[in-house]
file query17.txt (compact mmCIF, C-alpha atoms)
# COMPACT_ATOMS: atom_id res chain seq x y z
CA MET X 1 -0.48 42.35 149.12
CA GLY X 2 -3.67 43.86 147.94
CA ASP X 3 -4.76 44.35 144.39
CA VAL X 4 -3.51 47.43 142.69
CA GLN X 5 -5.98 50.23 142.20
CA TRP X 6 -5.20 51.25 138.66
CA PRO X 7 -5.80 54.88 137.80
CA TRP X 8 -7.81 55.72 134.68
CA GLN X 9 -4.61 56.56 132.82
CA TYR X 10 -3.60 52.91 133.03
CA SER X 11 -6.27 52.00 130.49
CA PHE X 12 -5.48 54.99 128.32
CA PRO X 13 -3.17 53.85 125.52
CA PRO X 14 -1.25 57.16 124.98
CA PHE X 15 -0.19 56.96 128.64
CA PHE X 16 2.30 54.29 127.59
CA THR X 17 4.10 56.55 125.15
CA ILE X 18 6.10 59.48 126.45
CA GLN X 19 4.33 62.56 125.12
CA PRO X 20 6.25 65.07 123.00
CA ASN X 21 4.36 68.14 124.25
CA ALA X 22 6.21 69.49 127.28
CA GLU X 23 3.12 70.32 129.32
CA THR X 24 1.38 67.06 128.59
CA ARG X 25 4.58 65.16 129.30
CA GLN X 26 4.93 66.87 132.65
CA LYS X 27 1.43 65.75 133.65
CA GLN X 28 2.02 62.30 132.28
CA LEU X 29 5.27 61.85 134.17
CA ASP X 30 3.66 63.11 137.37
CA ALA X 31 0.95 60.50 136.95
CA TRP X 32 3.55 57.82 136.28
CA ARG X 33 5.44 58.84 139.37
CA THR X 34 2.36 58.45 141.56
CA LEU X 35 1.35 55.21 139.89
CA LEU X 36 4.78 53.62 140.14
CA LEU X 37 5.29 54.59 143.79
CA ASP X 38 1.82 53.30 144.67
CA TYR X 39 2.48 50.11 142.79
CA CYS X 40 5.86 49.54 144.42
CA ARG X 41 4.44 50.23 147.89
CA THR X 42 1.48 47.90 147.62
CA GLN X 43 3.38 45.16 145.80
CA LYS X 44 6.56 45.68 147.82
CA VAL X 45 8.75 46.06 144.77
CA SER X 46 12.07 47.57 145.74
CA VAL X 47 14.19 46.63 142.77
CA ILE X 48 13.26 47.27 139.15
CA ASP X 49 15.27 45.97 136.25
CA VAL X 50 14.61 48.16 133.23
CA ARG X 51 15.25 45.27 130.81
CA GLU X 52 12.63 43.15 132.54
CA GLY X 53 10.20 46.01 132.93
CA ASP X 54 7.49 44.34 130.89
CA LEU X 55 7.33 41.52 133.45
CA LEU X 56 5.79 43.99 135.86
CA PRO X 57 2.09 44.55 135.20
CA VAL X 58 2.55 48.23 135.96
CA PHE X 59 4.58 48.69 132.81
CA ASN X 60 2.63 46.20 130.76
CA ASN X 61 -1.12 46.49 130.44
CA THR X 62 -2.08 43.28 128.66
CA THR X 63 -5.76 44.27 128.45
CA ILE X 64 -5.04 47.12 126.09
CA SER X 65 -1.76 45.52 124.93
CA ARG X 66 0.37 48.52 125.71
CA LYS X 67 3.86 48.49 127.22
CA LEU X 68 6.14 51.16 128.46
CA SER X 69 9.41 50.92 126.55
CA PRO X 70 12.68 50.48 128.50
CA ASP X 71 13.68 54.02 127.53
CA ALA X 72 10.42 55.38 128.85
CA ILE X 73 10.82 53.37 132.06
CA MET X 74 14.24 54.95 132.44
CA THR X 75 12.66 58.40 132.01
CA VAL X 76 10.05 57.68 134.67
CA LEU X 77 12.72 56.39 137.06
CA GLY X 78 14.73 59.52 136.36
CA VAL X 79 11.77 61.58 137.57
CA LEU X 80 11.63 59.50 140.74
CA GLN X 81 15.34 59.93 141.27
CA LYS X 82 14.97 63.72 141.38
CA THR X 83 12.73 63.48 144.44
CA GLY X 84 14.91 60.88 146.15
CA ASN X 85 12.44 58.09 145.43
CA ALA X 86 14.72 56.03 143.21
CA GLU X 87 18.39 55.35 142.72
CA PRO X 88 20.25 53.42 140.02
CA LEU X 89 22.16 50.43 141.35
CA ASP X 90 24.70 50.21 138.54
CA LYS X 91 26.51 52.46 136.13
CA THR X 92 24.41 51.40 133.15
CA ARG X 93 21.28 52.45 135.02
CA THR X 94 19.46 49.19 134.33
CA ARG X 95 18.84 48.09 137.89
CA TRP X 96 17.12 50.55 140.17
CA ASN X 97 16.08 50.81 143.77
CA VAL X 98 12.68 52.38 144.23
CA TYR X 99 11.99 54.05 147.57
CA TRP X 100 8.34 54.75 148.22
CA HIS X 101 9.64 56.41 151.34
CA THR X 102 12.79 58.41 150.79
CA LEU X 103 15.83 57.05 152.60
CA ASP X 104 15.56 59.80 155.21
CA GLU X 105 11.97 58.80 155.83
CA TRP X 106 12.89 55.13 156.00
CA ALA X 107 15.63 55.95 158.49
CA SER X 108 13.16 57.77 160.72
CA ILE X 109 10.63 54.95 160.40
CA VAL X 110 13.23 52.37 161.40
CA TYR X 111 14.38 54.47 164.32
CA LYS X 112 10.82 54.97 165.49
CA TRP X 113 10.30 51.22 165.26
CA ALA X 114 13.34 50.74 167.49
CA GLN X 115 12.00 53.26 169.97
CA ASP X 116 8.51 51.79 170.00
CA ASN X 117 9.79 48.26 170.48
CA ALA X 118 12.30 49.26 173.14
CA MET X 119 15.16 48.20 170.91
CA LEU X 120 17.41 51.11 171.81
CA ASN X 121 20.83 50.05 173.03
CA THR X 122 20.30 46.48 171.92
CA VAL X 123 21.11 44.66 168.74
CA CYS X 124 18.57 43.23 166.38
CA THR X 125 18.74 41.39 163.11
CA PHE X 126 17.51 42.69 159.78
CA TYR X 127 15.07 39.81 159.73
CA GLU X 128 13.61 41.09 162.99
CA ILE X 129 13.02 44.52 161.48
CA ALA X 130 11.55 43.11 158.28
CA SER X 131 9.14 40.88 160.25
CA ASP X 132 7.45 43.97 161.66
CA SER X 133 3.75 44.01 161.01
CA GLY X 134 3.67 47.65 159.97
CA ASP X 135 5.34 49.70 157.31
CA LEU X 136 8.63 47.87 157.65
CA ASN X 137 7.20 44.47 156.81
CA GLY X 138 9.25 42.83 154.10
CA ILE X 139 11.55 45.80 153.63
CA ASP X 140 14.26 45.07 151.10
CA ASP X 141 17.63 44.30 152.70
CA GLY X 142 19.40 46.75 150.42
CA VAL X 143 16.98 49.55 151.21
CA LEU X 144 17.17 48.77 154.91
CA THR X 145 20.96 48.86 154.82
CA LYS X 146 20.88 52.26 153.12
CA ALA X 147 18.39 53.61 155.62
CA LEU X 148 20.56 52.36 158.47
CA ARG X 149 23.55 54.09 156.92
CA VAL X 150 21.56 57.31 157.23
CA LEU X 151 21.03 56.52 160.92
CA GLU X 152 24.75 55.79 161.27
CA ARG X 153 25.46 59.26 159.98
CA ARG X 154 23.00 60.61 162.53
CA GLN X 155 24.89 58.61 165.21
CA GLN X 156 21.69 56.78 166.05
CA ALA X 157 22.70 53.30 164.96
CA GLU X 158 25.60 51.13 163.97
CA ILE X 159 25.55 48.19 161.61
CA LEU X 160 27.45 45.07 162.55
CA THR X 161 28.12 42.07 160.39
CA LEU X 162 28.62 38.52 161.57
CA ASP X 163 29.41 35.69 159.19
CA GLY X 164 27.15 36.93 156.45
CA GLY X 165 24.19 38.04 158.50
CA SER X 166 23.82 41.64 159.48
CA GLY X 167 22.46 43.26 162.55
CA VAL X 168 22.14 46.73 163.87
CA LYS X 169 22.50 48.35 167.23
CA PHE X 170 20.36 51.40 167.93
CA PHE X 171 21.47 54.16 170.26
CA SER X 172 19.35 56.54 172.21
CA MET E 1 29.35 45.38 154.55
CA GLY E 2 31.73 47.77 152.95
CA MET E 3 33.33 48.36 156.30
CA LEU E 4 36.36 46.17 155.68
CA PHE E 5 38.84 49.01 155.64
CA GLY E 6 38.87 52.22 157.57
CA LYS E 7 36.96 51.07 160.62
CA PRO E 8 34.56 53.80 161.64
CA LYS E 9 36.07 55.95 164.41
CA VAL E 10 35.00 54.48 167.73
CA THR E 11 32.63 51.61 167.46
CA ARG E 12 30.03 51.47 170.19
CA ILE E 13 29.45 47.77 169.63
CA THR E 14 30.65 45.42 172.32
CA ASP E 15 31.43 41.71 172.28
CA HIS E 16 28.24 41.27 174.19
CA ASP E 17 26.30 42.80 171.31
CA ARG E 18 27.97 40.41 168.93
CA ALA E 19 27.01 37.48 171.09
CA VAL E 20 23.39 38.62 171.25
CA LEU E 21 23.32 39.17 167.52
CA GLN E 22 24.66 35.69 166.92
CA MET E 23 21.93 34.21 169.07
CA LYS E 24 19.32 36.26 167.30
CA GLN E 25 20.62 35.14 163.95
CA GLN E 26 20.28 31.56 165.03
CA ARG E 27 16.79 32.29 166.20
CA ASP E 28 15.98 33.80 162.79
CA THR E 29 17.38 30.73 161.07
CA LEU E 30 15.12 28.55 163.16
CA LYS E 31 12.15 30.74 162.42
CA ARG E 32 12.81 30.59 158.72
CA TYR E 33 13.21 26.85 158.90
CA GLN E 34 9.89 26.67 160.67
CA GLN E 35 8.26 28.68 157.93
CA ARG E 36 9.72 26.42 155.30
CA VAL E 37 8.58 23.22 156.99
CA GLU E 38 5.12 24.65 157.53
CA LYS E 39 4.81 25.48 153.87
CA LEU E 40 6.08 22.06 152.93
CA LEU E 41 3.56 20.40 155.21
CA GLU E 42 0.77 22.37 153.65
CA SER E 43 1.73 21.44 150.10
CA GLU E 44 2.24 17.81 151.04
CA ARG E 45 -1.18 17.63 152.59
CA GLU E 46 -2.61 18.89 149.34
CA LEU E 47 -0.55 16.37 147.44
CA ALA E 48 -1.68 13.52 149.66
CA LYS E 49 -5.28 14.52 149.08
CA ARG E 50 -4.74 14.51 145.38
CA LEU E 51 -3.03 11.12 145.46
CA LEU E 52 -5.93 9.73 147.44
CA SER E 53 -8.42 11.04 144.94
CA GLU E 54 -6.34 9.39 142.23
CA ASN E 55 -6.49 6.16 144.26
CA LYS E 56 -2.77 5.99 144.91
CA ARG E 57 -3.12 4.89 148.52
CA GLU E 58 0.40 3.59 148.99
CA LYS E 59 2.01 6.78 147.76
CA ALA E 60 -0.31 8.87 149.89
CA LYS E 61 0.57 6.79 152.94
CA LEU E 62 4.26 7.26 152.27
CA LEU E 63 3.75 10.95 151.97
CA LEU E 64 1.82 11.12 155.20
CA ARG E 65 4.59 9.20 156.94
CA LYS E 66 7.06 11.79 155.70
CA LYS E 67 4.73 14.49 156.87
CA LYS E 68 4.57 12.99 160.33
CA TYR E 69 8.33 13.05 160.57
CA GLN E 70 8.37 16.67 159.53
CA THR E 71 5.79 17.59 162.13
CA GLU E 72 8.02 16.04 164.76
CA GLN E 73 10.90 18.01 163.37
CA LEU E 74 8.82 21.14 163.66
CA GLU E 75 8.14 20.42 167.31
CA ARG E 76 11.83 19.97 167.94
CA THR E 77 12.47 23.30 166.24
CA GLU E 78 9.90 24.88 168.49
CA ALA E 79 11.77 23.59 171.54
CA SER E 80 15.13 24.89 170.31
CA LEU E 81 13.55 28.21 169.50
CA ASP E 82 12.25 28.40 172.99
CA THR E 83 15.67 27.70 174.48
CA ILE E 84 17.36 30.22 172.26
CA GLU E 85 14.82 32.91 173.02
CA LYS E 86 15.30 32.31 176.72
CA LEU E 87 19.04 32.61 176.28
CA ILE E 88 18.67 35.85 174.38
CA GLN E 89 16.45 37.21 177.09
CA ASP E 90 18.96 36.22 179.75
CA LEU E 91 21.77 37.83 177.81
CA GLU E 92 19.86 41.04 177.38
CA TYR E 93 18.78 41.01 180.98
CA THR E 94 22.35 40.72 182.25
CA GLN E 95 23.12 43.78 180.17
CA ILE E 96 20.34 45.63 181.94
CA GLU E 97 21.55 44.37 185.29
CA ILE E 98 25.01 45.68 184.50
CA LYS E 99 23.45 49.05 183.75
CA VAL E 100 21.56 48.98 187.04
CA ILE E 101 24.71 48.17 188.96
CA GLU E 102 26.54 50.93 187.14
CA GLY E 103 23.75 53.28 188.11
CA LEU E 104 24.03 52.20 191.72
CA LYS E 105 27.77 52.77 191.58
CA VAL E 106 27.35 56.28 190.27
CA GLY E 107 24.77 56.99 192.93
CA ASN E 108 27.13 55.65 195.59
CA VAL E 109 29.98 57.83 194.40
CA ALA E 110 27.72 60.88 194.40
CA LEU E 111 26.54 60.09 197.89
CA LYS E 112 30.11 59.67 199.08
CA LYS E 113 31.05 63.00 197.61
CA ALA E 114 28.11 64.64 199.28
CA ASN E 115 29.06 63.04 202.56
CA GLU E 116 32.62 64.28 202.23
CA LEU E 117 31.17 67.77 202.41
CA PHE E 118 29.65 66.88 205.75
CA ASN E 119 32.98 65.74 207.17
CA ILE E 120 33.11 66.82 210.87
CA GLU E 121 36.64 68.19 210.78
CA HIS E 122 35.74 70.11 207.71
CA ILE E 123 32.74 71.66 209.37
CA GLU E 124 34.70 72.50 212.52
CA GLN E 125 37.30 74.17 210.42
CA LEU E 126 34.56 75.98 208.54
CA LEU E 127 32.96 77.20 211.75
CA ASP E 128 36.35 78.30 213.13
CA GLU E 129 37.02 80.20 210.00
CA THR E 130 33.63 81.84 210.17
CA LYS E 131 34.21 82.85 213.75
CA GLU E 132 37.59 84.27 212.89
CA GLY E 133 35.97 86.19 210.13
CA ILE E 134 33.33 87.59 212.40
CA ASP E 135 35.96 88.60 214.96
CA LYS E 136 37.99 90.28 212.35
CA GLN E 137 34.96 92.09 211.04
CA ARG E 138 34.12 93.30 214.54
CA GLU E 139 37.68 94.52 215.06
CA ILE E 140 37.51 96.45 211.84
CA THR E 141 34.21 98.09 212.79
CA ASP E 142 35.64 98.97 216.18
CA LEU E 143 38.69 100.54 214.63
CA LEU E 144 36.68 102.49 212.14
CA SER E 145 34.21 103.87 214.63
CA GLY E 146 37.05 104.71 217.09
CA ALA E 147 35.91 102.31 219.69
CA LEU E 148 36.36 103.25 223.33
CA SER E 149 38.41 101.55 225.93
CA PHE E 150 36.88 100.21 229.10
CA GLU E 151 37.81 103.35 231.06
CA ASP E 152 36.38 105.59 228.39
CA GLU E 153 33.31 103.53 228.51
CA GLU E 154 33.09 104.17 232.28
CA ALA E 155 33.58 107.87 231.79
CA VAL E 156 30.87 107.95 229.23
CA GLU E 157 28.65 106.03 231.53
CA ALA E 158 29.36 108.55 234.35
CA GLU E 159 28.67 111.50 232.08
CA LEU E 160 25.47 109.93 231.00
CA ASN E 161 24.46 109.41 234.60
CA GLU E 162 25.27 113.02 235.41
CA LEU E 163 23.24 114.25 232.50
CA ILE E 164 20.38 112.05 233.56
CA SER E 165 20.53 113.41 237.11
CA VAL E 166 20.65 117.01 235.87
CA GLU E 167 17.67 116.39 233.67
CA HIS E 168 16.03 114.77 236.58
CA GLN E 169 16.69 117.82 238.73
CA LYS E 170 15.32 120.08 236.02
CA ALA E 171 12.20 118.06 235.85
CA ILE E 172 11.83 118.32 239.57
CA ASP E 173 12.38 122.08 239.44
CA LEU E 174 9.68 122.44 236.88
CA LEU E 175 7.14 120.96 239.22
CA PRO E 176 5.00 123.48 241.04
CA THR E 177 6.37 124.24 244.48
CA ILE E 178 4.75 122.52 247.25
CA PRO E 179 2.90 125.00 249.35
CA SER E 180 4.62 125.23 252.71
CA ASP E 181 1.75 126.80 254.65
CA GLU E 182 -0.56 124.74 256.74
CA LEU E 183 -3.37 123.09 254.90
CA PRO E 184 -6.85 124.01 255.97
CA VAL E 185 -8.35 121.11 257.63
CA THR E 186 -11.16 119.98 255.40
CA VAL E 187 -13.16 116.98 255.18
CA PRO E 188 -12.92 115.50 251.72
CA GLU E 189 -16.12 116.04 249.81
CA THR E 190 -18.16 113.01 249.27
CA LYS E 191 -19.92 112.30 246.05
CA GLU E 192 -23.40 112.80 247.47
CA GLU E 193 -22.44 116.28 248.52
CA ASP E 194 -21.50 117.29 244.95
CA LYS E 195 -24.47 119.63 244.54
CA LEU E 196 -24.08 123.08 245.99
CA PRO E 197 -27.07 123.08 248.25
CA THR E 198 -25.88 119.92 249.88
CA LYS E 199 -22.39 121.41 250.11
CA LYS E 200 -23.82 124.30 252.02
CA ILE E 201 -25.55 121.90 254.27
CA ALA E 202 -22.33 120.09 254.74
CA LEU E 203 -20.63 123.33 255.63
CA GLU E 204 -23.33 124.11 258.06
CA ALA E 205 -22.84 120.81 259.66
CA GLN E 206 -19.23 121.62 260.33
call {"tool": "encode", "arguments": {"input": "query17.txt", "output": "structure tokens"}}
result
Amino acid sequence: MGDVQWPWQYSFPPFFTIQPNAETRQKQLDAWRTLLLDYCRTQKVSVIDVREGDLLPVFNNTTISRKLSPDAIMTVLGVLQKTGNAEPLDKTRTRWNVYWHTLDEWASIVYKWAQDNAMLNTVCTFYEIASDSGDLNGIDDGVLTKALRVLERRQQAEILTLDGGSGVKFFS
Amino acid sequence: MGMLFGKPKVTRITDHDRAVLQMKQQRDTLKRYQQRVEKLLESERELAKRLLSENKREKAKLLLRKKKYQTEQLERTEASLDTIEKLIQDLEYTQIEIKVIEGLKVGNVALKKANELFNIEHIEQLLDETKEGIDKQREITDLLSGALSFEDEEAVEAELNELISVEHQKAIDLLPTIPSDELPVTVPETKEEDKLPTKKIALEAQ
């Protein structure tokens, strides 16, 4: 995991307060969207708990002592949800999945991995997929499951469960 | 996961797949164990170093002893991992072999079917039928063009001959009549005597 390349906005105190002006807010939220997706990708953060948001450096810049409030975090996540880059995990919308690739993209990435590694028509474990050295390295189990469900709908894979552990069979 | 009720239509997962998955899960467990032990070894080495620097030789020795045991454990894990990976490979290979045999079977069936087409009786029958067809076709043409019987054919032949002989006669008639009077006895002219003066000479010589 490399260091995060913080954009200039990160050291700009008003960035941490949702702006009232519609146009400014639009720009601000766009910037937040990019920043959060970048952050999640490089730091491999797949689950965000809004209540513990200030534990993540992205929402809490200690150098300028500014934090993004839980409500604001929720707003940012809402923006991500619209583009299929985030999804609440519970009804209260406190725990969220962040997808720096949309689930459709993840599904295609996983399937391509299976093709490239000659895994079609054989079973493999989730651990096997997550040990990949590329994009899939360390993929969150929950995200992987959801991506595989997409493949199941495309008739390209089937998930099977054996005493707790899960595996998947890819079809050509 | 979440598939407890309402099994999805037709599952394409076989018992074989389950077996392979189980093996792979065990392999993963071993791999994870390996990772854990390796991390532990690393931290214990650090700890032993620190103990040494703090002059706690006995404790450091104890720790190193523990570490030695864990290294052995790691080696054993390596061996099991090897076995399990081999087993997985074998399992997957049999699956491929089954596919190959299935492929051969399909090929065999196709070949048999193709050969059935070349069945001798079948071909004889086919040829017979073709011949019959040709005969029939010929009959039809004959009927349509009012074919002639053998006698008719002879008559036609005779007529044709007659016509030919008449034509022949005509051609003969057209030829100039052969002169019936006696030919003057002449000596055929030779090439050297082509020129008139020589001709005269020749005549004189007569």
call {"tool": "residues_around", "arguments": {"input": "query17.txt", "residues": "X:Gly134", "least_positions_apart": "5", "cutoff": "12 Å", "atoms": "all atoms listed in the file", "output": "JSON, numbers by chain"}}
result
{"X": [109, 110, 112, 113, 116, 129, 139]}
call {"tool": "interface_residues", "arguments": {"input": "query17.txt", "of": "chain E", "to": "chain X", "cutoff": "7 Å", "atoms": "all atoms listed in the file", "output": "list in words"}}
result
Met1, Asp17, Val20, Leu21, Lys24, Gln25 and Asp28 of chain E
call {"tool": "closest_residue", "arguments": {"input": "query17.txt", "among": "X:Thr102, X:Gln43, X:Ser172, X:Gln5", "to": "X:Ala118", "atoms": "all atoms listed in the file"}}
result
X:Ser172
call {"tool": "residues_around", "arguments": {"input": "query17.txt", "residues": "X:Leu77", "least_positions_apart": "6", "cutoff": "9 Å", "atoms": "only C-alpha atoms", "output": "ChimeraX atom specification"}}
result
/X:33,36,85-88,96,98
call {"tool": "atom_distance", "arguments": {"input": "query17.txt", "atom1": "atom CA of E:Leu81", "atom2": "atom CA of E:Arg27"}}
result
6.2 Å
call {"tool": "build_atoms", "arguments": {"input": "query17.txt", "residues": "stretch 98-108 of chain E", "atoms": "all heavy atoms", "output": "CSV table (one decimal), in the frame of the given file"}}
result
chain,number,residue,atom,x,y,z
E,98,ILE,N,23.7,45.0,184.5
E,98,ILE,CA,25.0,45.7,184.5
E,98,ILE,C,24.7,47.2,184.6
E,98,ILE,O,25.3,47.9,185.4
E,98,ILE,CB,25.9,45.3,183.3
E,98,ILE,CG1,26.4,43.9,183.4
E,98,ILE,CG2,27.0,46.3,183.1
E,98,ILE,CD1,27.0,43.4,182.1
E,99,LYS,N,23.8,47.6,183.8
E,99,LYS,CA,23.4,49.0,183.8
E,99,LYS,C,22.9,49.5,185.1
E,99,LYS,O,23.3,50.6,185.6
E,99,LYS,CB,22.4,49.3,182.7
E,99,LYS,CG,22.9,49.3,181.3
E,99,LYS,CD,22.9,50.7,180.7
E,99,LYS,CE,23.7,50.8,179.5
E,99,LYS,NZ,23.0,50.1,178.4
E,100,VAL,N,22.1,48.6,185.7
E,100,VAL,CA,21.6,49.0,187.0
E,100,VAL,C,22.7,49.1,188.0
E,100,VAL,O,22.7,50.1,188.8
E,100,VAL,CB,20.5,47.9,187.5
E,100,VAL,CG1,20.2,48.1,188.9
E,100,VAL,CG2,19.3,47.9,186.6
E,101,ILE,N,23.6,48.1,188.0
E,101,ILE,CA,24.7,48.2,189.0
E,101,ILE,C,25.6,49.4,188.7
E,101,ILE,O,26.0,50.1,189.7
E,101,ILE,CB,25.6,46.9,188.8
E,101,ILE,CG1,24.7,45.7,189.4
E,101,ILE,CG2,26.9,47.0,189.6
E,101,ILE,CD1,25.3,44.4,189.1
E,102,GLU,N,25.8,49.7,187.5
E,102,GLU,CA,26.5,50.9,187.1
E,102,GLU,C,25.8,52.1,187.7
E,102,GLU,O,26.5,53.0,188.3
E,102,GLU,CB,26.7,51.1,185.6
E,102,GLU,CG,27.9,50.4,185.1
E,102,GLU,CD,27.9,50.4,183.6
E,102,GLU,OE1,27.1,51.1,182.9
E,102,GLU,OE2,28.8,49.7,183.0
E,103,GLY,N,24.5,52.2,187.6
E,103,GLY,CA,23.8,53.3,188.1
E,103,GLY,C,23.9,53.4,189.6
E,103,GLY,O,24.1,54.5,190.2
E,104,LEU,N,23.9,52.2,190.3
E,104,LEU,CA,24.0,52.2,191.7
E,104,LEU,C,25.4,52.7,192.1
E,104,LEU,O,25.5,53.5,193.0
E,104,LEU,CB,23.9,50.8,192.2
E,104,LEU,CG,22.5,50.2,192.3
E,104,LEU,CD1,22.5,48.8,192.8
E,104,LEU,CD2,21.6,51.1,193.3
E,105,LYS,N,26.4,52.3,191.3
E,105,LYS,CA,27.8,52.8,191.6
E,105,LYS,C,27.9,54.3,191.5
E,105,LYS,O,28.4,54.9,192.4
E,105,LYS,CB,28.7,52.2,190.5
E,105,LYS,CG,29.6,51.0,191.1
E,105,LYS,CD,30.6,50.7,190.0
E,105,LYS,CE,30.9,49.2,190.1
E,105,LYS,NZ,31.5,48.7,188.9
E,106,VAL,N,27.3,54.8,190.5
E,106,VAL,CA,27.4,56.3,190.3
E,106,VAL,C,26.7,57.0,191.4
E,106,VAL,O,27.2,57.9,192.0
E,106,VAL,CB,26.7,56.7,188.9
E,106,VAL,CG1,26.5,58.2,188.8
E,106,VAL,CG2,27.5,56.2,187.8
E,107,GLY,N,25.5,56.4,191.8
E,107,GLY,CA,24.8,57.0,192.9
E,107,GLY,C,25.6,57.0,194.2
E,107,GLY,O,25.7,57.9,195.0
E,108,ASN,N,26.3,55.8,194.4
E,108,ASN,CA,27.1,55.6,195.6
E,108,ASN,C,28.2,56.7,195.6
E,108,ASN,O,28.5,57.3,196.7
E,108,ASN,CB,27.7,54.2,195.5
E,108,ASN,CG,28.2,53.8,196.9
E,108,ASN,OD1,27.8,54.4,197.9
E,108,ASN,ND2,29.0,52.8,196.9
